[in-house]
Amino acid sequence: MIVLLTSVSWSEGSLANETLRVGVYHNPPKLFADEQGQLRGVLGELLEAMAQQEQWQLESRACDFQECLTLLEQGEIDLLPDVAWSEERAQRLAFHSEPVMHSWSQLYQSSDSQIEAILDLEQSRIAVVEGSIQQQYLASITERFNIAVTWLPVDSFAAGFQAVANGSAEAVATNHLFGDWRARDYGLHKTPIIFQPSRLFYAASPQLSTHVLERIDSVLLSWKDDMNSVYYRTLSAWRSPSSGALVPKWLWWLVGLLLCVLAATLGAALLLKRRVAINHARLSTNETLLTTILDSVDAYIYIKTPAMKYRYVNRQISELFNRPVEHIIGKGDDEFFDTASAAGMAEVDRQVLASGKKMTVEEHNVLKGEERVRTFLSIKMPLKMAPEEAPCLCGISTELTEYLEMQSRTHHLAFYDALTGLPNRRLLLESLAEVTDPSGGACGHSAVLIVDLDNFRLVNDIQGHESGDQLLINVAQKLQQRLTGDATLARFSSDEFVVLLNGLGEQQSEAAANTEKLARQLLEAVAQLRNDRALPISASIGITLFNSVDHGMNGVLQQADMALQQAKTAGGNTLRFFNVDMQTSVLERASLEGDLHQALARNELALHYQVQIDHQGVTTGVEALLRWYHPQRGWVSPGTFIPLAEENGLIVPIGRWVLQSACEQLAKWAEQPSYAGLTISVNVSSVQFQQPEFIRDVEGILAQTQAPPGRLVLEVTESLLMREPTRVRNTMLKLRAQGIRFALDDFGTGYSSLSYLKRLPLDELKIDQSFIRELLTDKADAAIVDTTILLAVSLGLTVVAEGVEKKEQLNWLKGHGCYRYQGYLFGRPTPIDYLFEAY
C-alpha cells in the first residue's frame with residue numbers, strides 16, 4: 001500500500017498555528033490522499049476539520065503502513081490515522097481515549113454464491129489481500145476447522161472485488177467500510193460472516209505532547225454529541241447508499257414524486273377528458289416506474305387505509321410476509337404479526353392519523369410462525385390520497401435486527417470468554433474497578449478468589465487441547481452452580497478463574513468465614529470432576545478480603561495472586577488467605593531475584609567441589625556444586641536461588657557458566673598425570689537441557705576448552721526424563737556419541753520408571769541422600785537402597801550413594817554391592833584450591 005505521513009513538532013506554549021506531521025496510508029474509504037496531497041477519506045477529512053478548528057497546520061509524507069508505524073515510533077512523524085488499538089501497540093505508541101470509529105472485517109460475495117457461515121467456505125476460492133489481518137485470521141480459523149479453502153492473493157481490496165465480479169473467486173475479505181462503499185459497484189453483497197472488530201484511533205508518537213491527544217478526545221466527544229456536526233456529515237458522505245442514513249433523503253423525493261405524479265394524473269383526468277386514453281397510458285407507465293423504484297429500495301414501504309388495511313406494499317414487504325402482493329392488500333397487521341405486535345402497531349398508527357404529524361418510532365415485532373423478535377425503525381405520516389377521502393397512513397420501515405445482533409455479538413466478543421461464555425478479564429477488571437473505587441459508595445467487605453487448576457498442563461499434554469477445553473467448560477459450569485446471583489465469575493487466563501464477592505458485611509471475621517466456606521465448596525466442586533481418562537482434578541485458591549477505602553484494583557489482584565502461590569507451594573488442592581507475611585515474602589523474593597540477575601556479572605557465583613570415593617578409598621571424581629556469596633546476605637542456599645533461576649530463565653546462562661568452568665578445570669587436570677583420570681559431574685537443569693541450542697553449547701565449550709569429553713558427567717533428574725522422553729533420549733544419544741557420560745541424580749525421589757533406565761544411555765545411578773540418611777534404622781529405606789543397587793548392577797550401571805556421613809553407612813553399602821560414595825564422611829564441598837588439601 002502507498003501511505004501518506006503527516007507529523008507534528010510541538011513547543012511547550014500554545015498549540016495554535018503549530019505544524020502536525022500526520023501519517024496517511026492509502027486505504028479508502030477510511031484514509032487516502034488526493035493528487036494534491038490533501039487528506040481524504042473518513043479519518044483524513046475528520047483530521048482536516050479538526051486541524052482547521054484547532055488551528056493546526058498539517059504536513060504529509062508518503063509511506064506504507066508498516067513504515068509509518070516505524071516512523072511514528074521513532075518520532076519522525078507525530079500522528080497516524082486509522083490505527084487499531086492493541087496491547088502490543090499501546091506499549092510502543094500513544095493513543096487518545098475516545099475511538100474515532102469502530103470497524104470490523106466481513107466477507108462479500110456475488111449474487112450466485114450462498115455463503116452463510118464459515119463452513120460454507122469449503123472448496124471455495126477466497127480473495128484476500130496478501131499479508132493482511134483478514135488473511136491471517138481466516139487461514140487460522142479454516143485450518144482449525146479443517147476447511148479446505150483456495151486463497152487468491154490480491155494486492156488491494158478493489159482487486160479482490162474485481163476477482164469476485166469476474167468469477168475468479170466466490171468471495172472477498174475486506175473491512176466493512178470499504179465493502180459497504182464499493183460492493184454495489186461490483187454487484188456484490190455482504191455475507192453474515194463478521195470477524196475482528198476493532199476500534200480505530202489517531203495513533204501518536206510517544207514524544208508527542210499529551211495535550212494534543214486530550215484535544216483530539218475533546219473535539220471527538222463534542223462532535224459525537226451533535227448530530228449535525230462535521231463528524232456525522234463526514235460519515236454519511238462516505239457511506240454507500242445501502243449503509244448510510246436509515247431513511248435516505250432521496251426516498252423522500254421519491255415519495256414526493258409519487259404524490260406529484262398522482263396529483264398531476266388526477267388533474268389531467270379532470271381537465272383533459274379528451275386525452276383520457278393517452279393520460280391513462282402515461283399513468284400506467286409512471287406507476288410501473290414508481291413500482292420498480294420503490295421495489296428496489298432497501299426498505300419496507302406501505303400505505304394503509306384509515307381502517308388500517310394495506311392499500312399498497314412494495315416487494316420487500318411481500319418477501320417479509322412470504323406472500324404475493326395480492327394476498328396482502330386489503331388485510332390488516334393481525335394477519336401477519338402476533339397479537340401483541342399487531343396491537344402495538346395499531347396504537348402508533350392511530351396516534352399518527354389523529355395528530356396529523358409525522359412520527360419516528362422503533363418497533364419490536366414478531367411475525368406469525370416465528371419466535372424471533374425483529375426490530376424496525378419506522379417513519380409514519382398521514383398521506384392525503386384524495387380531497388374527499390380521509391388521510392391514509394404511509395410508512396417506511398428499515399429493519400435493524402441484523403445490525404443490533406451484530407452489535408450484540410461484538411459486545412459479547414469484547415467482554416465474554418468464547419470458550420466458557422463467562423465474563424472475560426476485561427469485564428472483570430471493569431467490575432473490580434467499580435468495587436474498589438472509593439467514590440463509588442460501596443461499603444463493607446468484598447473478596448476476590450483466584451481459582452487455578454493444579455497441573456492443568458498435563459491434561460493438554462497427555463489428552464490433547466480438546467480434552468483440556470472441555471475440562472475448562474466443565475469447571476466453569478461447576479463453579480457457577482456453587483455461586484449465588486450476586487457473585488461474579490470470570491475466566492481470567494488459560495486455567496485461572498476469578499470470583500468477585502460483594503456485600504460480605506462490615507465484620508472482617510464474618511466475611512472471612514463466609515468466604516472460606518464458599519471457597520471450600522468450590523474446591524469440592526472441582527475435585528468431583530473427572531475427565532474422559534479419569535485423571536484426578538484439583539484446584540488451588542488464593543483469597544483476599546478488601547474494602548474500597550484501603551485497596552486499589554491492582555493491589556487486590558496482586559494480593560490474591562500471592563495467596564494463590566502460597567496455596568500452590570503447599571501442594572495444591574487447598575486455599576490460602578492473603579496476609580502481610582506473604583507480601584513481605586514476595587518482596588523479599590523479588591529483591592533476591594533482582595540481585596540474582598547481577599550475581600553472574602559481579603562474579604558472586606562460585607563452584608565448590610565434593611569428592612567421590614570408591615570402596616578402596618580412591619578418589620574417582622568430583623561433583624561441581626554451585627554456590628552464591630551475596631555481599632549483604634552472605635551465603636545464599638542453593639535450594640533458594642536455583643529454583644528461582646529456573647523460574648525466570650537465569651539458569652540457562654548460569655548453567656552455561658558452570659559447564660564452562662567445569663570443563664576448564666578438566667582441561668587443567670588433563671595436563672596433570674595425578675588428576676587426569678578424575679571425572680567432574682555437573683548438574684544440568686531441565687530448563688537448560690531442553691534449550692534448542694544445548695547440544696551446540698556443550699560442543700562449543702568442549703572445543704574451546706579442549707576438555708576430555710569422557711571425563712565429563714552430566715547429571716540429570718527423573719523429572720527431565722519423564723518430560724518429552726523421545727526428545728531427551730535423542731539429545732543424550734548425540735552427546736553420548738562424543739564420549740560424554742550421564743548420571744541419573746536423586747534416583748527414587750521422582751516419578752521413577754524402569755522403562756527409561758533401559759532405554760536411555762545412562763552410566764551412573766545416584767541414590768538420593770534421603771534414603772541413605774535413615775538406612776541403618778528404617779527397614780523401608782534399606783530395602784529401597786538394596787533393590788536399587790541390584791537393579792543398577794543388573795543394568796550395568798555404576799551406583800553412587802549420596803549423603804554418606806557415617807562409617808556404619810559406608811560398611812552397609814559395601815556389604816550390599818555399592819562401591820562409589822559421596823558425602824560429608826569423605827569431605828564437604830570445597831573451592832578447588834583447597835579440595836585435596838581438605839581431603
# chains A, B, ... in the order shown; residues from 1 in each chain; ligands from 1
>>> residues_around(residues="A:Leu776", least_positions_apart="5", cutoff="9 Å", atoms="only C-alpha atoms", output="list in words")
Asp781, Ala782, Glu808, Gln809 and Trp812 of chain A
>>> closest_atom_pairs(of="stretch 615-654 of chain A", to="stretch 820-838 of chain A", cutoff="10 Å", atoms="only C-alpha atoms", output="Markdown table")
| residue | atom | partner | partner_atom | distance |
| --- | --- | --- | --- | --- |
| A:His615 | CA | A:Arg820 | CA | 6.3 |
| A:Gln616 | CA | A:Arg820 | CA | 9.4 |
| A:Gly617 | CA | A:Phe826 | CA | 9.1 |
| A:Val618 | CA | A:Arg820 | CA | 9.7 |
| A:Thr619 | CA | A:Arg820 | CA | 9.5 |
| A:Thr620 | CA | A:Arg820 | CA | 8.5 |
| A:Gly621 | CA | A:Gln822 | CA | 9.8 |
| A:Val622 | CA | A:Gln822 | CA | 8.7 |
| A:Glu623 | CA | A:Pro829 | CA | 8.5 |
| A:Ala624 | CA | A:Pro829 | CA | 8.4 |
| A:Leu625 | CA | A:Pro829 | CA | 7.2 |
| A:Leu626 | CA | A:Pro829 | CA | 9.7 |
| A:Arg627 | CA | A:Pro829 | CA | 9.7 |
>>> write_last_selection(atoms="N, CA, C and O atoms", output="mmCIF file, in the first residue's frame")
data_model
loop_
_atom_site.group_PDB
_atom_site.id
_atom_site.type_symbol
_atom_site.label_atom_id
_atom_site.label_comp_id
_atom_site.auth_asym_id
_atom_site.auth_seq_id
_atom_site.Cartn_x
_atom_site.Cartn_y
_atom_site.Cartn_z
ATOM 1 N N HIS A 615 35.298 -47.944 46.849
ATOM 2 C CA HIS A 615 35.338 -48.791 48.041
ATOM 3 C C HIS A 615 36.755 -49.021 48.564
ATOM 4 O O HIS A 615 36.942 -49.501 49.684
ATOM 5 N N GLN A 616 37.765 -48.654 47.717
ATOM 6 C CA GLN A 616 39.147 -48.784 48.164
ATOM 7 C C GLN A 616 39.708 -47.467 48.707
ATOM 8 O O GLN A 616 40.892 -47.376 49.013
ATOM 9 N N GLY A 617 38.844 -46.459 48.795
ATOM 10 C CA GLY A 617 39.274 -45.164 49.316
ATOM 11 C C GLY A 617 39.934 -44.282 48.288
ATOM 12 O O GLY A 617 40.518 -43.251 48.639
ATOM 13 N N VAL A 618 39.844 -44.637 47.011
ATOM 14 C CA VAL A 618 40.484 -43.864 45.943
ATOM 15 C C VAL A 618 39.487 -42.831 45.410
ATOM 16 O O VAL A 618 38.313 -43.151 45.161
ATOM 17 N N THR A 619 39.966 -41.608 45.228
ATOM 18 C CA THR A 619 39.113 -40.557 44.655
ATOM 19 C C THR A 619 38.948 -40.806 43.157
ATOM 20 O O THR A 619 39.930 -40.841 42.403
ATOM 21 N N THR A 620 37.687 -40.975 42.723
ATOM 22 C CA THR A 620 37.415 -41.250 41.295
ATOM 23 C C THR A 620 36.930 -40.017 40.555
ATOM 24 O O THR A 620 36.982 -39.976 39.323
ATOM 25 N N GLY A 621 36.445 -39.037 41.291
ATOM 26 C CA GLY A 621 35.947 -37.836 40.636
ATOM 27 C C GLY A 621 35.387 -36.868 41.652
ATOM 28 O O GLY A 621 35.484 -37.067 42.865
ATOM 29 N N VAL A 622 34.783 -35.803 41.139
ATOM 30 C CA VAL A 622 34.181 -34.785 41.994
ATOM 31 C C VAL A 622 32.855 -34.354 41.378
ATOM 32 O O VAL A 622 32.622 -34.534 40.179
ATOM 33 N N GLU A 623 32.016 -33.788 42.220
ATOM 34 C CA GLU A 623 30.778 -33.180 41.727
ATOM 35 C C GLU A 623 30.890 -31.673 41.906
ATOM 36 O O GLU A 623 31.244 -31.183 42.985
ATOM 37 N N ALA A 624 30.617 -30.917 40.829
ATOM 38 C CA ALA A 624 30.651 -29.460 40.874
ATOM 39 C C ALA A 624 29.324 -28.951 41.429
ATOM 40 O O ALA A 624 28.262 -29.263 40.883
ATOM 41 N N LEU A 625 29.405 -28.165 42.513
ATOM 42 C CA LEU A 625 28.207 -27.662 43.169
ATOM 43 C C LEU A 625 28.230 -26.132 43.159
ATOM 44 O O LEU A 625 29.230 -25.511 43.533
ATOM 45 N N LEU A 626 27.111 -25.520 42.715
ATOM 46 C CA LEU A 626 27.038 -24.072 42.554
ATOM 47 C C LEU A 626 26.799 -23.408 43.908
ATOM 48 O O LEU A 626 25.967 -23.844 44.700
ATOM 49 N N ARG A 627 27.538 -22.335 44.175
ATOM 50 C CA ARG A 627 27.390 -21.569 45.403
ATOM 51 C C ARG A 627 27.309 -20.073 45.060
ATOM 52 O O ARG A 627 27.852 -19.620 44.061
#
>>> residues_around(residues="A:Ala340", least_positions_apart="3", cutoff="9 Å", atoms="only C-alpha atoms", output="MDAnalysis selection string")
chainID A and resid 337 343:345 365:366
>>> write_last_selection(atoms="C-alpha atoms", output="PDB file, in the first residue's frame")
ATOM      1  CA  PHE A 337     -47.917 -10.406  13.166  1.00  0.00           C
ATOM      2  CA  ALA A 343     -51.879  -4.185  18.758  1.00  0.00           C
ATOM      3  CA  GLY A 344     -48.782  -2.059  19.300  1.00  0.00           C
ATOM      4  CA  MET A 345     -48.542  -1.094  15.628  1.00  0.00           C
ATOM      5  CA  ASN A 365     -42.442  -7.112  16.247  1.00  0.00           C
ATOM      6  CA  VAL A 366     -42.800 -10.881  15.877  1.00  0.00           C
TER       7      VAL A 366
END
>>> residues_around(residues="A:Ala173", least_positions_apart="2", cutoff="6 Å", atoms="only C-alpha atoms", output="count of residues only")
3
>>> select_by_dssp(residues="stretch 12-200 of chain A", states="strand (DSSP E or B)", output="PyMOL selection string")
chain A and resi 19-25+27+31-33+39-40+57-59+61-62+79-84+94+101-110+124-129+149-154+171-175+188-200
>>> write_last_selection(atoms="C-alpha atoms", output="short mmCIF file (atom, residue, chain, number, x, y, z; two decimals), in the first residue's frame")
data_model
loop_
_atom_site.label_atom_id
_atom_site.label_comp_id
_atom_site.auth_asym_id
_atom_site.auth_seq_id
_atom_site.Cartn_x
_atom_site.Cartn_y
_atom_site.Cartn_z
CA THR A 19 2.69 22.10 12.40
CA LEU A 20 1.49 18.48 12.66
CA ARG A 21 3.29 15.73 10.73
CA VAL A 22 0.41 13.32 10.11
CA GLY A 23 0.62 9.84 8.51
CA VAL A 24 -1.95 8.82 5.88
CA TYR A 25 -1.83 5.49 4.04
CA ASN A 27 -6.89 2.68 2.49
CA LEU A 31 -7.92 7.10 4.54
CA PHE A 32 -6.04 8.19 1.41
CA ALA A 33 -4.64 11.33 -0.21
CA LEU A 39 -6.14 14.14 3.27
CA ARG A 40 -9.25 12.30 2.13
CA GLN A 57 -1.04 23.04 10.21
CA LEU A 58 -0.73 19.60 8.53
CA GLU A 59 2.24 18.24 6.55
CA ARG A 61 4.77 12.23 3.57
CA ALA A 62 4.23 9.02 1.62
CA LEU A 79 0.17 11.27 14.09
CA LEU A 80 -1.03 8.29 12.06
CA PRO A 81 -4.79 7.97 11.39
CA ASP A 82 -6.61 4.66 11.03
CA VAL A 83 -4.69 2.59 13.61
CA ALA A 84 -6.48 -0.19 15.52
CA ALA A 94 0.46 6.79 22.34
CA MET A 101 -14.89 4.98 14.85
CA HIS A 102 -15.38 1.23 15.02
CA SER A 103 -14.58 -1.23 12.26
CA TRP A 104 -14.71 -4.94 11.56
CA SER A 105 -13.91 -7.36 8.75
CA GLN A 106 -16.53 -9.09 6.60
CA LEU A 107 -16.84 -11.39 3.60
CA TYR A 108 -18.60 -10.15 0.45
CA GLN A 109 -19.94 -12.49 -2.25
CA SER A 110 -21.55 -12.43 -5.65
CA SER A 124 -14.32 -22.04 -2.18
CA ARG A 125 -11.90 -19.55 -3.69
CA ILE A 126 -11.46 -16.58 -1.39
CA ALA A 127 -9.73 -13.38 -2.48
CA VAL A 128 -7.61 -11.79 0.27
CA VAL A 129 -5.06 -9.00 0.36
CA VAL A 149 -10.07 -23.18 1.02
CA THR A 150 -8.21 -21.90 -2.04
CA TRP A 151 -6.71 -18.48 -1.29
CA LEU A 152 -6.45 -15.97 -4.14
CA PRO A 153 -3.85 -13.35 -3.11
CA VAL A 154 -4.52 -9.80 -4.39
CA ALA A 171 -15.92 -14.22 -2.01
CA VAL A 172 -13.54 -11.47 -0.91
CA ALA A 173 -12.42 -10.46 2.62
CA THR A 174 -12.25 -6.74 3.43
CA ASN A 175 -13.08 -4.24 6.12
CA LEU A 188 -21.60 -7.88 -4.60
CA HIS A 189 -23.42 -8.19 -1.27
CA LYS A 190 -22.25 -8.88 2.25
CA THR A 191 -22.29 -12.29 3.91
CA PRO A 192 -23.21 -12.88 7.59
CA ILE A 193 -19.55 -13.74 8.34
CA ILE A 194 -18.21 -10.89 10.50
CA PHE A 195 -14.92 -11.02 12.41
CA GLN A 196 -12.11 -9.00 14.02
CA PRO A 197 -13.98 -5.99 15.50
CA SER A 198 -11.62 -3.13 16.27
CA ARG A 199 -11.51 0.48 17.45
CA LEU A 200 -9.74 2.99 15.21
#
>>> closest_residue(among="A:Asp437, A:Glu402, A:Asp112, A:Asp349", to="A:Asn554", atoms="only C-alpha atoms")
A:Asp437
>>> residues_around(residues="A:Tyr310", least_positions_apart="2", cutoff="8 Å", atoms="only C-alpha atoms", output="list in words")
Tyr302, Ile303, Lys304, Thr305, Met308, Tyr312, Val313, Ile328, Ile329, Gly330, Lys331 and Gly332 of chain A
>>> residues_around(residues="A:Ala662", least_positions_apart="4", cutoff="7 Å", atoms="only C-alpha atoms", output="NGL selection string")
:A and (658 or 666 or 680)
>>> write_last_selection(atoms="N, CA and C atoms", output="tab-separated table (two decimals), in the first residue's frame")
chain	number	residue	atom	x	y	z
A	658	VAL	N	28.59	-22.61	34.58
A	658	VAL	CA	29.02	-23.76	35.37
A	658	VAL	C	29.71	-24.79	34.48
A	666	LEU	N	38.66	-29.51	33.96
A	666	LEU	CA	39.02	-30.80	33.37
A	666	LEU	C	40.22	-30.66	32.44
A	680	ILE	N	34.41	-35.00	36.46
A	680	ILE	CA	33.65	-33.92	37.10
A	680	ILE	C	32.19	-34.09	36.71
>>> closest_residue(among="A:Leu644, A:Val475, A:Leu221, A:Val100", to="A:Ser591", atoms="only C-alpha atoms")
A:Leu644
